[in-house]
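To start, the structure under review is shown below, and the notes come after it.
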Amino acid sequence: MILLKKTLVTFFFSGVVFSGCSQNIQLPGPEKTGGKPLMEALNERRSARDFIAEKSLSEQTLSNLLWAAWGYNRENKRTAPSSRDRQEITVYICMSSGTYKYDAKHNELILVNRKDLRNVTGVQDFVASAPLNLVYVADMAKVTGKNKEESLAAVYANTGFIAQNVYLFCASDGLNCVIRAMIDREMLAKELGLSAQEMITLSQTVGYGE
């Protein structure tokens with residue numbers, strides 16, 4: 001089970017252990033070996049929109065997924081490239097049990113709020129019941145030295161690198177996923193408590209297929 005900080009009363013929710021007073025979730029260390037060979041994963045990479053709502057990802061799978069997406073594989077360097085090494089993308093995790101953001105340095109989920117925001121992460125019906133929605137947020141204050149068009153091109157390219165890592169991990173691990181741009185960004189930004197300098201780029205739904 002996931003290790004929780006400041007636990008007083010524990011209860012079970014959607015296959016993950018949570019606590020009335022817990023804050024952040026310390027994930028187990030990611031498994032950095034194994035999986036399918038790259039060419040097989042590329043051959044099986046696809047978008048899928050069918051998900052088993054009641055089958056949540058284990059804490060180990062979630063840790064592996066987030067590390068593959070945007071973890072550190074060298075000192076201060078990530079598993080996905082970033083224009084001028086700005087590393088301006090933050091990954092938010094929306095589940096039935098709450099909303100978190102990924103702290104790659106400490107392999108930890110930082111609590112944002114206890115709301116189930118899955119239905120706000122996109123306009124398609126399946127996003128509300130899928131076990132996991134990732135939301136990619138760019139801190140535009142870090143993207144300096146570019147005009148608006150160049151800045152947008154950079155952050156969307158960087159988001160795409162991360163999203164492709166997720167696709168390949170899902171292909172390797174038997175998960176379904178789909179990247180999405182149909183989002184009510186204003187509503188979701190408000191729910192996530194984003195600043196005016198933070199911009200939602202894309203969202204990606206992950207889960208087990210039916």
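Ordering of the structure tokens sets the chain letters (A, B, ...); residue numbers start at 1 within each chain; ligands are numbered from 1 in the order shown.
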
Secondary structure check, helix (DSSP H, G or I) residues of segment 106-195 of chain A, as a PyMOL selection string: chain A and resi 118-120+125-128+140-142+148-173+185-192

Using only C-alpha atoms, which protein or nucleic acid residues come within 9 Å of Ile89 of chain A? Drop anything in the same chain fewer than 6 positions from it, and give the result as a PDB file with N, CA and C atoms, in the first residue's frame.
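See selection.pdb below for the written result:
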```pdb
ATOM      1  N   TRP A  70       8.038  11.839 -16.725  1.00  0.00           N
ATOM      2  CA  TRP A  70       8.715  13.117 -16.436  1.00  0.00           C
ATOM      3  C   TRP A  70       9.557  13.023 -15.181  1.00  0.00           C
ATOM      4  N   SER A  82      13.523  18.917 -22.828  1.00  0.00           N
ATOM      5  CA  SER A  82      12.874  20.189 -22.506  1.00  0.00           C
ATOM      6  C   SER A  82      13.669  21.316 -23.168  1.00  0.00           C
ATOM      7  N   TYR A 136      -1.220  18.343 -18.002  1.00  0.00           N
ATOM      8  CA  TYR A 136       0.084  18.966 -18.199  1.00  0.00           C
ATOM      9  C   TYR A 136      -0.048  20.476 -18.151  1.00  0.00           C
ATOM     10  N   VAL A 137       0.722  21.080 -17.254  1.00  0.00           N
ATOM     11  CA  VAL A 137       0.639  22.523 -17.012  1.00  0.00           C
ATOM     12  C   VAL A 137       2.016  23.149 -17.227  1.00  0.00           C
ATOM     13  N   ALA A 138       2.074  24.187 -18.044  1.00  0.00           N
ATOM     14  CA  ALA A 138       3.330  24.882 -18.333  1.00  0.00           C
ATOM     15  C   ALA A 138       3.393  26.192 -17.549  1.00  0.00           C
ATOM     16  N   ASP A 139       4.517  26.397 -16.877  1.00  0.00           N
ATOM     17  CA  ASP A 139       4.765  27.671 -16.198  1.00  0.00           C
ATOM     18  C   ASP A 139       5.401  28.612 -17.216  1.00  0.00           C
ATOM     19  N   VAL A 155       6.342  24.874 -25.506  1.00  0.00           N
ATOM     20  CA  VAL A 155       5.672  24.153 -24.412  1.00  0.00           C
ATOM     21  C   VAL A 155       4.812  23.006 -24.939  1.00  0.00           C
ATOM     22  N   ASN A 158       7.275  20.212 -25.750  1.00  0.00           N
ATOM     23  CA  ASN A 158       7.733  19.572 -24.510  1.00  0.00           C
ATOM     24  C   ASN A 158       6.645  18.692 -23.910  1.00  0.00           C
ATOM     25  N   THR A 159       5.396  19.150 -23.974  1.00  0.00           N
ATOM     26  CA  THR A 159       4.284  18.321 -23.507  1.00  0.00           C
ATOM     27  C   THR A 159       4.178  17.041 -24.331  1.00  0.00           C
TER      28      THR A 159
END
```

Compile the contact shell of segment 166-180 of chain A as a ChimeraX atom specification: residues with an atom at most 8 Å away, counting only C-alpha atoms, same-chain residues fewer than 4 positions apart removed. /A:35-37,40-42,44-51,65-66,68-69,122,162,202-209

For the residues in that selection, give me C-alpha atoms as a PDB file, in the first residue's frame.
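Writing the result to again-v8.pdb gives the following:
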```pdb
ATOM      1  CA  GLY A  35       9.209  -3.915 -19.835  1.00  0.00           C
ATOM      2  CA  LYS A  36       8.820  -4.751 -23.507  1.00  0.00           C
ATOM      3  CA  PRO A  37      11.601  -4.058 -26.003  1.00  0.00           C
ATOM      4  CA  GLU A  40       7.526  -3.971 -29.601  1.00  0.00           C
ATOM      5  CA  ALA A  41       6.252  -1.029 -27.544  1.00  0.00           C
ATOM      6  CA  LEU A  42       6.297   1.197 -30.629  1.00  0.00           C
ATOM      7  CA  GLU A  44       1.706  -1.625 -29.861  1.00  0.00           C
ATOM      8  CA  ARG A  45       1.478   2.117 -29.136  1.00  0.00           C
ATOM      9  CA  ARG A  46      -2.044   3.404 -29.784  1.00  0.00           C
ATOM     10  CA  SER A  47      -4.806   5.653 -28.511  1.00  0.00           C
ATOM     11  CA  ALA A  48      -7.718   3.949 -26.759  1.00  0.00           C
ATOM     12  CA  ARG A  49     -10.794   5.417 -25.119  1.00  0.00           C
ATOM     13  CA  ASP A  50     -12.204   2.427 -23.264  1.00  0.00           C
ATOM     14  CA  PHE A  51     -11.295   2.050 -19.600  1.00  0.00           C
ATOM     15  CA  LEU A  65       4.308   5.645 -15.104  1.00  0.00           C
ATOM     16  CA  LEU A  66       5.146   9.071 -13.677  1.00  0.00           C
ATOM     17  CA  ALA A  68       8.684   7.293 -17.330  1.00  0.00           C
ATOM     18  CA  ALA A  69       6.678  10.414 -18.151  1.00  0.00           C
ATOM     19  CA  GLY A 122     -12.026  16.943 -20.549  1.00  0.00           C
ATOM     20  CA  ILE A 162       6.147  13.644 -22.031  1.00  0.00           C
ATOM     21  CA  LEU A 202      -3.028  18.867 -22.793  1.00  0.00           C
ATOM     22  CA  SER A 203      -4.509  16.081 -20.715  1.00  0.00           C
ATOM     23  CA  GLN A 204      -4.002  12.330 -20.972  1.00  0.00           C
ATOM     24  CA  THR A 205      -6.280   9.566 -19.738  1.00  0.00           C
ATOM     25  CA  VAL A 206      -4.784   6.280 -18.510  1.00  0.00           C
ATOM     26  CA  GLY A 207      -6.262   3.006 -17.314  1.00  0.00           C
ATOM     27  CA  TYR A 208      -6.845  -0.658 -18.037  1.00  0.00           C
ATOM     28  CA  GLY A 209      -8.797  -1.490 -21.177  1.00  0.00           C
TER      29      GLY A 209
END
```

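For the choices A:Ser63, A:Thr33, A:Asn119, A:Ser151, the atom-to-atom distance to Pro131 of chain A is smallest for A:Asn119 when using only C-alpha atoms.
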
Strand (DSSP E) per DSSP on the backbone: members of segment 2-206 of chain A, as a PyMOL selection string: chain A and resi 3-4+10-13+16-19+25-26+72-74+77-78+89-95+98-103+108-113+132-139+176-180+198-206

Could you pull the residues within 12 Å of Ala153 of chain A, counting only C-alpha atoms, minus those fewer than 6 positions along the same chain, as JSON, numbers by chain? {"A": [82, 83, 138, 140, 143, 146, 147, 159, 160, 201]}

Check the smallest atom-to-atom distance from each of A:Ala128, A:Lys32, A:Arg84, A:Glu75 to Ser96 of chain A using only C-alpha atoms, then report the winner.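 Smallest distance to Ser96 of chain A is found for A:Ala128.
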
Point out the residue among A:Tyr102, A:Lys142, A:Tyr156, A:Met95 with the least atom-to-atom distance to Leu57 of chain A, counting only C-alpha atoms. A:Met95

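Atom CA of Gly29 of chain A is found 16.7 Å from atom CA of Lys101 of chain A.
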
Given only C-alpha atoms as the counted atoms, nearest of A:Leu38, A:Met199, A:Leu194, A:Leu62 to Val112 of chain A: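 The closest residue to Val112 of chain A is A:Leu194.
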